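As provided, start.csv (CSV, C-alpha atoms) reads as follows.
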```
chain,number,residue,atom,x,y,z
A,4,MET,CA,28.4,-41.0,-4.5
A,5,ARG,CA,25.5,-39.4,-6.4
A,6,ALA,CA,26.5,-37.2,-9.3
A,7,LEU,CA,26.2,-33.5,-8.8
A,8,VAL,CA,24.3,-33.1,-12.0
A,9,ASP,CA,21.7,-35.8,-12.5
A,10,PHE,CA,18.7,-35.3,-14.9
A,11,ASN,CA,17.2,-38.7,-14.2
A,12,GLY,CA,13.4,-38.3,-13.7
A,13,LEU,CA,13.3,-34.7,-14.8
A,14,GLY,CA,10.4,-35.4,-17.2
A,15,ALA,CA,8.3,-37.0,-14.5
A,16,VAL,CA,8.8,-34.1,-12.1
A,17,LEU,CA,7.9,-31.6,-14.8
A,18,TYR,CA,4.8,-33.6,-15.7
A,19,LYS,CA,3.7,-33.7,-12.1
A,20,GLU,CA,4.2,-29.9,-11.6
A,21,VAL,CA,2.3,-29.1,-14.8
A,22,ARG,CA,-0.6,-31.3,-13.7
A,23,HIS,CA,-0.6,-29.6,-10.3
A,24,ILE,CA,-0.8,-26.2,-11.9
A,25,LEU,CA,-3.5,-27.1,-14.3
A,26,ARG,CA,-5.6,-28.7,-11.5
A,27,ASP,CA,-5.7,-25.2,-9.9
A,28,PRO,CA,-6.8,-22.9,-12.8
A,29,ALA,CA,-7.8,-20.0,-10.5
A,30,THR,CA,-4.3,-19.6,-9.1
A,31,LEU,CA,-2.9,-19.8,-12.7
A,32,VAL,CA,-5.3,-17.1,-13.9
A,33,LEU,CA,-4.3,-14.8,-11.0
A,34,ALA,CA,-0.6,-15.4,-11.6
A,35,ILE,CA,-1.0,-14.4,-15.3
A,36,ALA,CA,-3.4,-11.5,-14.8
A,37,MET,CA,-1.4,-9.8,-12.0
A,38,PRO,CA,1.5,-8.6,-14.1
A,39,ILE,CA,-0.9,-7.2,-16.7
A,40,MET,CA,-2.8,-5.4,-14.0
A,41,GLN,CA,0.4,-4.1,-12.5
A,42,LEU,CA,1.5,-2.7,-15.9
A,43,LEU,CA,-1.8,-1.0,-16.5
A,44,LEU,CA,-2.0,0.5,-13.0
A,45,PHE,CA,1.6,1.8,-13.0
A,46,GLY,CA,1.3,3.0,-16.5
A,47,TYR,CA,-1.9,4.9,-16.2
A,48,ALA,CA,-2.2,5.8,-12.5
A,49,ILE,CA,1.3,7.3,-11.9
A,50,ASN,CA,1.4,10.8,-13.1
A,51,THR,CA,4.1,13.0,-11.7
A,52,ARG,CA,3.0,16.0,-13.7
A,53,VAL,CA,0.7,18.2,-11.6
A,54,GLU,CA,-2.1,19.7,-13.7
A,55,HIS,CA,-5.7,20.8,-13.3
A,56,ILE,CA,-5.5,21.3,-9.5
A,57,ALA,CA,-8.9,21.5,-8.0
A,58,SER,CA,-9.4,25.2,-7.1
A,59,ALA,CA,-12.0,27.5,-5.7
A,60,TYR,CA,-12.3,31.3,-6.0
A,61,TYR,CA,-14.0,34.3,-4.5
A,62,ASP,CA,-14.4,37.2,-6.9
A,63,GLY,CA,-15.2,40.3,-4.8
A,64,ASP,CA,-14.4,42.6,-7.7
A,65,ARG,CA,-16.4,41.1,-10.6
A,66,GLY,CA,-14.7,43.5,-12.9
A,67,ARG,CA,-13.0,43.4,-16.2
A,68,LEU,CA,-9.6,42.5,-14.9
A,69,SER,CA,-10.7,40.0,-12.3
A,70,TYR,CA,-12.5,38.1,-15.1
A,71,ARG,CA,-9.3,38.3,-17.2
A,72,LEU,CA,-7.3,36.9,-14.2
A,73,LEU,CA,-9.7,34.0,-13.7
A,74,SER,CA,-9.5,33.2,-17.5
A,75,ALA,CA,-5.7,33.2,-17.3
A,76,LEU,CA,-5.8,30.8,-14.3
A,77,GLN,CA,-8.1,28.5,-16.1
A,78,ALA,CA,-6.3,28.6,-19.4
A,79,SER,CA,-3.0,27.8,-17.7
A,80,ARG,CA,-4.1,24.2,-17.2
A,81,ALA,CA,-2.4,24.3,-13.8
A,82,PHE,CA,-5.7,25.1,-12.1
A,83,ASP,CA,-9.2,23.8,-12.6
A,84,MET,CA,-11.5,26.6,-11.3
A,85,ARG,CA,-14.3,24.4,-10.2
A,86,TYR,CA,-15.9,26.2,-7.3
A,87,ARG,CA,-17.1,29.8,-7.2
A,88,GLU,CA,-17.6,30.6,-3.5
A,89,PRO,CA,-20.0,33.3,-2.2
A,90,SER,CA,-17.7,34.5,0.6
A,91,ARG,CA,-14.1,34.3,2.0
A,92,LYS,CA,-15.3,32.0,4.8
A,93,ALA,CA,-16.7,29.6,2.2
A,94,LEU,CA,-13.4,29.8,0.4
A,95,LYS,CA,-11.5,28.5,3.3
A,96,GLU,CA,-14.1,25.9,4.1
A,97,ALA,CA,-13.7,24.5,0.6
A,98,ILE,CA,-10.1,23.7,1.4
A,99,VAL,CA,-10.9,22.3,4.9
A,100,ALA,CA,-13.5,20.0,3.3
A,101,GLY,CA,-10.9,18.8,0.7
A,102,LYS,CA,-12.9,20.0,-2.3
A,103,ALA,CA,-10.2,22.3,-3.4
A,104,HIS,CA,-6.4,22.4,-3.0
A,105,VAL,CA,-6.0,26.0,-3.9
A,106,ALA,CA,-8.3,29.0,-3.3
A,107,PHE,CA,-8.0,32.5,-5.0
A,108,ASP,CA,-9.3,35.5,-3.1
A,109,ILE,CA,-9.8,38.5,-5.5
A,110,PRO,CA,-10.5,41.7,-3.5
A,111,GLU,CA,-13.3,44.1,-4.2
A,112,ASN,CA,-11.1,46.9,-5.6
A,113,PHE,CA,-8.9,44.7,-7.8
A,114,THR,CA,-9.8,46.3,-11.2
A,115,ALA,CA,-9.9,49.8,-9.8
A,116,ASP,CA,-6.4,49.5,-8.2
A,117,ILE,CA,-4.8,48.4,-11.4
A,118,GLU,CA,-6.5,51.1,-13.5
A,119,LEU,CA,-5.2,53.7,-11.1
A,120,GLY,CA,-1.7,52.3,-11.4
A,121,ARG,CA,-1.6,50.7,-7.9
A,122,PRO,CA,-0.6,47.1,-7.2
A,123,ALA,CA,-3.6,44.9,-6.7
A,124,GLN,CA,-3.3,42.1,-4.2
A,125,LEU,CA,-4.3,38.5,-5.0
A,126,GLN,CA,-4.6,36.2,-1.9
A,127,VAL,CA,-3.8,32.6,-2.7
A,128,LEU,CA,-4.6,30.0,-0.1
A,129,ILE,CA,-2.8,26.7,-0.6
A,130,ASP,CA,-3.5,23.3,1.1
A,131,GLY,CA,-0.1,22.2,2.2
A,132,SER,CA,-1.2,18.6,2.9
A,133,ASP,CA,0.4,17.3,-0.3
A,134,SER,CA,3.8,19.0,-0.6
A,135,ALA,CA,4.1,18.2,-4.3
A,136,ILE,CA,0.8,19.8,-5.3
A,137,ALA,CA,1.4,22.7,-2.9
A,138,GLN,CA,4.8,23.5,-4.4
A,139,GLN,CA,3.5,23.3,-7.9
A,140,ALA,CA,0.5,25.5,-7.1
A,141,TYR,CA,2.8,28.1,-5.4
A,142,GLY,CA,5.1,28.4,-8.4
A,143,ASP,CA,2.3,28.4,-11.0
A,144,ALA,CA,0.3,31.1,-9.1
A,145,ARG,CA,3.2,33.4,-8.9
A,146,GLN,CA,4.2,32.8,-12.5
A,147,ILE,CA,0.7,33.7,-13.7
A,148,GLY,CA,0.7,36.8,-11.6
A,149,ILE,CA,4.0,37.9,-13.0
A,150,ALA,CA,2.9,37.2,-16.6
A,151,MET,CA,-0.3,39.3,-16.1
A,152,SER,CA,1.7,42.0,-14.5
A,153,ASN,CA,4.0,42.2,-17.5
A,154,GLU,CA,1.1,42.4,-19.9
A,155,LEU,CA,-0.6,45.1,-18.0
A,156,ARG,CA,2.6,47.1,-17.5
A,157,ASN,CA,3.3,47.0,-21.2
A,158,ALA,CA,-0.3,48.1,-22.0
A,159,SER,CA,-0.3,51.0,-19.4
A,160,PRO,CA,2.3,53.6,-18.9
A,161,ASN,CA,1.3,54.2,-15.3
A,162,ALA,CA,2.2,50.8,-13.9
A,163,GLY,CA,5.6,51.2,-12.4
A,164,ALA,CA,5.1,48.5,-9.7
A,165,PRO,CA,3.9,45.0,-10.3
A,166,ALA,CA,0.3,45.2,-11.3
A,167,VAL,CA,-0.7,41.9,-9.6
A,168,ASP,CA,0.8,41.3,-6.1
A,169,VAL,CA,0.4,37.6,-5.4
A,170,ARG,CA,0.3,36.9,-1.7
A,171,THR,CA,0.4,33.1,-0.9
A,172,ARG,CA,-0.5,31.5,2.3
A,173,MET,CA,0.2,27.8,3.0
A,174,LEU,CA,-2.4,26.1,5.2
A,175,PHE,CA,-2.3,23.0,7.4
A,176,ASN,CA,1.3,22.1,6.6
A,177,PRO,CA,3.3,25.2,6.2
A,178,SER,CA,6.6,23.4,6.5
A,179,LEU,CA,5.5,21.0,3.7
A,180,ARG,CA,6.6,17.9,5.6
A,181,SER,CA,6.0,14.8,3.4
A,182,ALA,CA,5.3,12.8,6.6
A,183,ASN,CA,2.2,14.8,7.3
A,184,PHE,CA,0.8,13.6,4.0
A,185,LEU,CA,2.2,10.0,3.7
A,186,VAL,CA,1.9,8.7,7.3
A,187,PRO,CA,-2.0,9.1,7.5
A,188,GLY,CA,-2.2,7.3,4.2
A,189,LEU,CA,-0.1,4.5,5.4
A,190,ILE,CA,-2.3,4.2,8.5
A,191,GLY,CA,-5.3,3.6,6.3
A,192,LEU,CA,-3.5,1.0,4.2
A,193,ILE,CA,-2.1,-0.8,7.2
A,194,MET,CA,-5.5,-0.9,8.9
A,195,GLN,CA,-7.2,-2.3,5.7
A,196,ASN,CA,-4.5,-4.9,4.9
A,197,ILE,CA,-4.0,-6.4,8.4
A,198,THR,CA,-7.7,-6.9,9.0
A,199,MET,CA,-8.5,-8.1,5.5
A,200,ILE,CA,-5.6,-10.5,5.1
A,201,LEU,CA,-5.9,-12.0,8.6
A,202,THR,CA,-9.7,-12.6,8.1
A,203,ALA,CA,-9.3,-14.2,4.7
A,204,LEU,CA,-6.3,-16.4,5.7
A,205,SER,CA,-8.0,-17.5,8.9
A,206,ILE,CA,-11.2,-18.7,7.3
A,207,VAL,CA,-9.5,-20.3,4.3
A,208,GLY,CA,-7.0,-22.0,6.7
A,209,GLU,CA,-9.9,-23.5,8.6
A,210,ARG,CA,-11.4,-24.8,5.4
A,211,GLU,CA,-8.1,-26.4,4.3
A,212,ARG,CA,-7.6,-28.1,7.6
A,213,GLY,CA,-11.2,-29.3,7.7
A,214,THR,CA,-12.0,-27.7,11.0
A,215,LEU,CA,-14.5,-25.3,9.4
A,216,ASP,CA,-16.6,-28.4,8.4
A,217,GLN,CA,-16.4,-29.7,11.9
A,218,LEU,CA,-17.8,-26.4,13.2
A,219,LEU,CA,-20.6,-26.5,10.7
A,220,VAL,CA,-21.9,-29.8,12.1
A,221,THR,CA,-22.1,-28.4,15.6
A,222,PRO,CA,-25.3,-26.6,16.7
A,223,ILE,CA,-24.0,-23.2,15.7
A,224,GLY,CA,-25.8,-20.9,13.2
A,225,SER,CA,-23.9,-19.7,10.1
A,226,THR,CA,-24.4,-16.0,11.2
A,227,ALA,CA,-23.0,-16.7,14.7
A,228,LEU,CA,-20.1,-18.7,13.1
A,229,MET,CA,-19.3,-15.8,10.7
A,230,LEU,CA,-19.5,-13.1,13.4
A,231,GLY,CA,-17.4,-15.3,15.8
A,232,LYS,CA,-14.7,-15.7,13.2
A,233,ILE,CA,-14.4,-12.1,12.1
A,234,ALA,CA,-15.1,-10.1,15.3
A,235,PRO,CA,-11.7,-10.9,16.9
A,236,TYR,CA,-9.9,-9.6,13.8
A,237,GLY,CA,-12.0,-6.4,14.0
A,238,VAL,CA,-10.7,-5.9,17.6
A,239,VAL,CA,-7.1,-6.6,16.4
A,240,GLY,CA,-7.6,-4.1,13.6
A,241,PHE,CA,-8.9,-1.4,16.0
A,242,VAL,CA,-6.0,-2.0,18.4
A,243,ASP,CA,-3.6,-1.7,15.5
A,244,PHE,CA,-5.3,1.6,14.5
A,245,VAL,CA,-4.8,3.1,17.9
A,246,LEU,CA,-1.2,1.9,18.1
A,247,VAL,CA,-0.2,3.3,14.6
A,248,LEU,CA,-1.9,6.6,15.5
A,249,ALA,CA,0.2,6.8,18.6
A,250,ALA,CA,3.3,6.0,16.6
A,251,MET,CA,2.4,8.6,14.1
A,252,ARG,CA,2.2,11.2,16.8
A,253,ILE,CA,5.2,10.2,18.9
A,254,VAL,CA,7.7,8.8,16.3
A,255,PHE,CA,6.8,10.9,13.2
A,256,MET,CA,5.7,14.0,15.1
A,257,VAL,CA,2.5,14.4,13.0
A,258,PRO,CA,0.0,16.3,15.0
A,259,ILE,CA,-3.8,15.5,14.9
A,260,ALA,CA,-5.5,18.8,14.2
A,261,GLY,CA,-9.1,17.5,14.5
A,262,ASN,CA,-11.2,15.5,16.9
A,263,VAL,CA,-9.6,12.2,18.0
A,264,ALA,CA,-12.9,10.6,19.1
A,265,LEU,CA,-14.4,11.3,15.7
A,266,LEU,CA,-11.3,9.8,14.0
A,267,LEU,CA,-11.6,6.6,16.1
A,268,LEU,CA,-15.3,6.3,15.5
A,269,LEU,CA,-15.0,6.6,11.7
A,270,GLY,CA,-12.0,4.3,11.8
A,271,ALA,CA,-14.1,1.6,13.5
A,272,GLY,CA,-16.6,2.1,10.7
A,273,PHE,CA,-14.0,1.5,8.1
A,274,LEU,CA,-13.2,-1.8,9.8
A,275,LEU,CA,-16.6,-3.1,8.5
A,276,ALA,CA,-15.3,-2.7,4.9
A,277,ALA,CA,-12.0,-4.4,5.7
A,278,LEU,CA,-13.7,-7.3,7.5
A,279,GLY,CA,-16.2,-7.6,4.6
A,280,MET,CA,-13.4,-7.7,2.0
A,281,GLY,CA,-11.5,-10.4,4.0
A,282,LEU,CA,-14.7,-12.5,4.3
A,283,LEU,CA,-15.5,-12.0,0.6
A,284,ILE,CA,-12.0,-13.1,-0.4
A,285,SER,CA,-12.4,-16.2,1.7
A,286,THR,CA,-15.5,-17.2,-0.2
A,287,PHE,CA,-13.6,-17.2,-3.5
A,288,ALA,CA,-10.3,-18.6,-2.4
A,289,LYS,CA,-9.8,-22.4,-2.2
A,290,SER,CA,-6.4,-22.2,-0.6
A,291,GLN,CA,-4.3,-19.8,1.4
A,292,ILE,CA,-2.1,-19.1,-1.7
A,293,GLN,CA,-5.2,-18.0,-3.6
A,294,ALA,CA,-6.3,-15.9,-0.7
A,295,MET,CA,-2.9,-14.1,-0.7
A,296,LEU,CA,-3.0,-13.6,-4.4
A,297,LEU,CA,-6.5,-12.2,-4.3
A,298,SER,CA,-5.4,-9.9,-1.4
A,299,VAL,CA,-2.4,-8.6,-3.4
A,300,PHE,CA,-4.8,-8.2,-6.4
A,301,PHE,CA,-6.8,-5.8,-4.3
A,302,LEU,CA,-3.8,-4.3,-2.6
A,303,LEU,CA,-2.2,-2.8,-5.7
A,304,PRO,CA,-5.3,-0.7,-6.7
A,305,SER,CA,-5.6,0.4,-3.1
A,306,VAL,CA,-2.0,1.7,-3.0
A,307,LEU,CA,-2.0,3.4,-6.4
A,308,LEU,CA,-5.6,4.6,-7.0
A,309,SER,CA,-6.8,5.5,-3.5
A,310,GLY,CA,-4.9,8.8,-3.4
A,311,MET,CA,-2.4,7.5,-0.9
A,312,LEU,CA,0.6,8.4,-3.2
A,313,PHE,CA,-0.9,10.2,-6.1
A,314,GLU,CA,-3.8,12.7,-6.3
A,315,VAL,CA,-6.9,11.1,-7.6
A,316,GLY,CA,-7.8,14.2,-9.6
A,317,LEU,CA,-4.6,13.9,-11.7
A,318,MET,CA,-5.4,10.4,-12.9
A,319,PRO,CA,-7.3,9.5,-16.2
A,320,PRO,CA,-11.1,9.5,-15.8
A,321,VAL,CA,-11.2,5.6,-16.0
A,322,MET,CA,-8.8,5.3,-13.1
A,323,GLN,CA,-10.7,7.9,-11.2
A,324,ALA,CA,-13.8,5.8,-11.5
A,325,VAL,CA,-12.0,2.8,-10.2
A,326,SER,CA,-10.6,4.8,-7.3
A,327,TYR,CA,-14.0,5.8,-6.1
A,328,ALA,CA,-15.0,2.2,-6.0
A,329,LEU,CA,-12.4,1.6,-3.3
A,330,PRO,CA,-13.3,2.2,0.3
A,331,LEU,CA,-9.7,3.3,1.1
A,332,THR,CA,-10.2,6.3,-1.1
A,333,TYR,CA,-12.9,7.7,1.2
A,334,PHE,CA,-11.1,6.7,4.4
A,335,LEU,CA,-8.0,8.5,3.3
A,336,GLU,CA,-10.2,11.7,2.9
A,337,ILE,CA,-11.3,11.2,6.5
A,338,LEU,CA,-7.8,10.5,7.8
A,339,ARG,CA,-6.2,13.5,6.1
A,340,GLY,CA,-9.2,15.7,6.7
A,341,ILE,CA,-9.1,15.2,10.5
A,342,ILE,CA,-5.4,14.7,11.1
A,343,VAL,CA,-4.0,17.4,8.7
A,344,ARG,CA,-6.8,19.9,8.1
A,345,GLY,CA,-8.8,19.6,11.4
A,346,ALA,CA,-12.0,18.9,9.5
A,347,GLY,CA,-15.2,17.8,11.3
A,348,LEU,CA,-18.1,15.7,10.5
A,349,THR,CA,-19.8,18.7,8.7
A,350,GLU,CA,-17.0,18.7,6.1
A,351,LEU,CA,-16.5,14.9,6.0
A,352,TRP,CA,-20.0,13.5,6.0
A,353,VAL,CA,-19.8,12.5,2.4
A,354,PRO,CA,-16.8,10.2,2.7
A,355,ALA,CA,-18.1,9.0,6.1
A,356,VAL,CA,-21.4,7.9,4.6
A,357,ALA,CA,-19.6,6.4,1.6
A,358,THR,CA,-17.3,4.4,3.9
A,359,LEU,CA,-20.1,3.1,6.1
A,360,GLY,CA,-22.3,2.3,3.0
A,361,PHE,CA,-19.5,0.4,1.3
A,362,GLY,CA,-18.7,-1.5,4.6
A,363,PHE,CA,-22.3,-2.6,5.1
A,364,ALA,CA,-22.8,-3.5,1.4
A,365,VAL,CA,-19.6,-5.6,1.1
A,366,LEU,CA,-20.2,-7.2,4.5
A,367,ALA,CA,-23.7,-8.2,3.5
A,368,ILE,CA,-22.6,-9.6,0.1
A,369,ALA,CA,-19.7,-11.5,1.8
A,370,SER,CA,-22.1,-12.9,4.5
A,371,ILE,CA,-24.5,-14.2,1.9
A,372,ARG,CA,-21.7,-15.9,-0.1
A,373,PHE,CA,-20.2,-17.3,3.2
A,374,ALA,CA,-23.5,-18.8,4.2
A,375,ARG,CA,-23.9,-20.4,0.8
A,376,THR,CA,-20.4,-21.8,0.6
A,377,THR,CA,-20.7,-23.3,4.1
A,378,MET,CA,-24.1,-24.9,3.5
```

Translate this structure into structure tokens?
Amino acid sequence: MRALVDFNGLGAVLYKEVRHILRDPATLVLAIAMPIMQLLLFGYAINTRVEHIASAYYDGDRGRLSYRLLSALQASRAFDMRYREPSRKALKEAIVAGKAHVAFDIPENFTADIELGRPAQLQVLIDGSDSAIAQQAYGDARQIGIAMSNELRNASPNAGAPAVDVRTRMLFNPSLRSANFLVPGLIGLIMQNITMILTALSIVGERERGTLDQLLVTPIGSTALMLGKIAPYGVVGFVDFVLVLAAMRIVFMVPIAGNVALLLLLGAGFLLAALGMGLLISTFAKSQIQAMLLSVFFLLPSVLLSGMLFEVGLMPPVMQAVSYALPLTYFLEILRGIIVRGAGLTELWVPAVATLGFGFAVLAIASIRFARTTM
């Protein structure tokens, strides 16, 4: 009977495995680089402290105290007063378009009311799509209003009531359901990963089995071969997109506020980017293990830097630059814009053009590399 503990031949097996690893340096580099990338992403991208919320404002008063209020909002570091809008209509449009998460409406008689000892109303519109940002904005806006009221009350003997009456209004997700924010983000991630990974593994698998070389010797052009390989996965990705949208509506009870046809059209455009990334991975990967590692290498930035979990504006500038190099960042703006805020193409033309441009560009680069690697 063989002994339970037998070290005979251990050195030979170790030598074989070391040689096997060294013969595949690309996989080794990926395995070593991935933990470093994970540490950097988790360390720099995750920021639970909500600061510098993108904000818009309409100053109908343009008086001394309205300027003082805007200065207090900016100095608080809670709000980044980026957009000065010319009207109340433009103020709401800034939130619908996703430019701002908070909008401050200062009425025409703001300074006059306070100087006469009457409470002056400050309307605060808050995008409720992201419940964490919405709750922080709600609390910070009220605190700043209370602080300014106390200062004015101490400086003026006439102010018996609060000088600044902050009136908040939660838009698009008044109940602050986290599902309304997270589920659309998951849809974009699922749509990208299924299409990208299936395309990459399919082509690499064909290369490993040698069947891709057999197809190349047949009278089939490289373009026809490429389109024939990736088109079915585009159909699979689109069917998945429709199914997860139905599950979002039926299971998670997340309503679609905007145009469903526009959502499906722009979703089909995003498939170009996912197919291109899968094809591009297949041109670098020599095995299915490498294809999976490269897919995960791309997956982590997509999860952490696209805005799916954390607001892009809260990240360091370097991470923000990386996030805008990811097609999922723009597609999430489209998904949340249409599903949560009811935005149309007028408000979403920038992420729509960016998504299509990225899709055509990466598909063209991947096609050129695919043609070269199969020649």

Neighbours of A:Leu274 within 9 Å (all atoms listed in the file; same-chain residues fewer than 2 positions away dropped), as number ranges by chain? A: 194-195, 198-199, 237, 240-241, 269-272, 276-279, 362

What separates atom CA of A:Ala93 and atom CA of A:Ser69 is a distance of 18.8 Å

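A search radius of 9 Å centred on (-7.3, 35.7, -2.9), applied to all atoms listed in the file, returns the residues A:Tyr60, A:Tyr61, A:Asp62, A:Arg91, A:Ala106, A:Phe107, A:Asp108, A:Ile109, A:Pro110, A:Gln124, A:Leu125, A:Gln126, A:Val127, A:Leu128, A:Val169, A:Arg170, A:Thr171.
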
* Asked: Of the candidates A:Val247, A:Leu268, A:Leu348, A:Ile206, which shows the shortest atom-to-atom distance to A:Gly231, using all atoms listed in the file?
  ->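 Closest candidate: A:Ile206.
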
- request: Check the smallest atom-to-atom distance from each of A:Ile371, A:Val356, A:Arg145, A:Leu192 to A:Leu308 using only C-alpha atoms, then report the winner.
  value: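 Among A:Ile371, A:Val356, A:Arg145, A:Leu192, it is A:Leu192 that comes nearest to A:Leu308.
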
(message) As an exercise, work out the distance from atom CA of A:Glu54 to atom CA of A:Asp83 in Å and give it to one decimal place.
(response)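 Straight-line distance from atom CA of A:Glu54 to atom CA of A:Asp83 works out to 8.3 Å.
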
Which residues are near A:Ala150? Cut-off 12 Å, only C-alpha atoms, ignore same chain within fewer than 2 positions. Put them as a list in words.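 Those residues are Leu72, Ala75, Leu76, Ser79, Asp143, Ala144, Arg145, Gln146, Ile147, Gly148, Ser152, Asn153, Glu154, Leu155, Arg156, Asn157, Pro165, Ala166, Val167, Asp168 and Val169 of chain A.
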
Any chance you could export the current selection's C-alpha atoms as a PDB file, in the coordinates of the input?
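Contents of part.pdb, freshly written:
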```
ATOM      1  CA  LEU A  72      -7.300  36.900 -14.200  1.00  0.00           C
ATOM      2  CA  ALA A  75      -5.700  33.200 -17.300  1.00  0.00           C
ATOM      3  CA  LEU A  76      -5.800  30.800 -14.300  1.00  0.00           C
ATOM      4  CA  SER A  79      -3.000  27.800 -17.700  1.00  0.00           C
ATOM      5  CA  ASP A 143       2.300  28.400 -11.000  1.00  0.00           C
ATOM      6  CA  ALA A 144       0.300  31.100  -9.100  1.00  0.00           C
ATOM      7  CA  ARG A 145       3.200  33.400  -8.900  1.00  0.00           C
ATOM      8  CA  GLN A 146       4.200  32.800 -12.500  1.00  0.00           C
ATOM      9  CA  ILE A 147       0.700  33.700 -13.700  1.00  0.00           C
ATOM     10  CA  GLY A 148       0.700  36.800 -11.600  1.00  0.00           C
ATOM     11  CA  SER A 152       1.700  42.000 -14.500  1.00  0.00           C
ATOM     12  CA  ASN A 153       4.000  42.200 -17.500  1.00  0.00           C
ATOM     13  CA  GLU A 154       1.100  42.400 -19.900  1.00  0.00           C
ATOM     14  CA  LEU A 155      -0.600  45.100 -18.000  1.00  0.00           C
ATOM     15  CA  ARG A 156       2.600  47.100 -17.500  1.00  0.00           C
ATOM     16  CA  ASN A 157       3.300  47.000 -21.200  1.00  0.00           C
ATOM     17  CA  PRO A 165       3.900  45.000 -10.300  1.00  0.00           C
ATOM     18  CA  ALA A 166       0.300  45.200 -11.300  1.00  0.00           C
ATOM     19  CA  VAL A 167      -0.700  41.900  -9.600  1.00  0.00           C
ATOM     20  CA  ASP A 168       0.800  41.300  -6.100  1.00  0.00           C
ATOM     21  CA  VAL A 169       0.400  37.600  -5.400  1.00  0.00           C
TER      22      VAL A 169
END
```

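The interatomic distance for the pair atom CA of A:Gln139 and atom CA of A:Met173 works out to 12.2 Å.
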
List the neighbours of A:Glu118 out to 12 Å using only C-alpha atoms; skip same-chain residues closer than 2 positions along the sequence, and give me the result as a VMD selection string.
-> chain A and resid 66 to 69 112 to 116 120 to 123 155 to 156 158 to 162 166 to 167

For A:Ile368, which of A:Leu204, A:Ile284, A:Ile253, A:Ala59 is the closest residue, counting all atoms listed in the file?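 For A:Ile368, the nearest of the given residues is A:Ile284.
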
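In terms of minimum interatomic distance to A:Gly310, A:Leu185 ranks closest within A:Leu283, A:Leu185, A:Ile129, A:Ile56, counting all atoms listed in the file.
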
Using all atoms listed in the file: which of A:Ala227, A:Leu73, A:Leu329, A:Leu266 has the shortest distance to A:Pro304 |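 Looking only at the distances to A:Pro304, the closest residue turns out to be A:Leu329.
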
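Using all atoms listed in the file, the protein and nucleic acid residues lying no more than 9 Å from A:Phe361, apart from those fewer than 3 places from it along its own chain, are Phe273, Leu275, Ala276, Ala328, Leu329, Pro330, Val356, Ala357, Thr358, Ala364, Val365 and Leu366 of chain A.
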
Given the selection you just returned, output its residues as a file containing C-alpha atoms, formatted as a PDB file, in the frame of the given file.
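To be explicit, this is the file written out as result23.pdb:
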```
ATOM      1  CA  PHE A 273     -14.000   1.500   8.100  1.00  0.00           C
ATOM      2  CA  LEU A 275     -16.600  -3.100   8.500  1.00  0.00           C
ATOM      3  CA  ALA A 276     -15.300  -2.700   4.900  1.00  0.00           C
ATOM      4  CA  ALA A 328     -15.000   2.200  -6.000  1.00  0.00           C
ATOM      5  CA  LEU A 329     -12.400   1.600  -3.300  1.00  0.00           C
ATOM      6  CA  PRO A 330     -13.300   2.200   0.300  1.00  0.00           C
ATOM      7  CA  VAL A 356     -21.400   7.900   4.600  1.00  0.00           C
ATOM      8  CA  ALA A 357     -19.600   6.400   1.600  1.00  0.00           C
ATOM      9  CA  THR A 358     -17.300   4.400   3.900  1.00  0.00           C
ATOM     10  CA  ALA A 364     -22.800  -3.500   1.400  1.00  0.00           C
ATOM     11  CA  VAL A 365     -19.600  -5.600   1.100  1.00  0.00           C
ATOM     12  CA  LEU A 366     -20.200  -7.200   4.500  1.00  0.00           C
TER      13      LEU A 366
END
```

Checklist entry - Near A:Glu336, counting only C-alpha atoms, which residues have an atom at most 8 Å away, once you skip same-chain residues fewer than 6 positions from it, shown as an MDAnalysis selection string? => result chainID A and resid 101 351 354
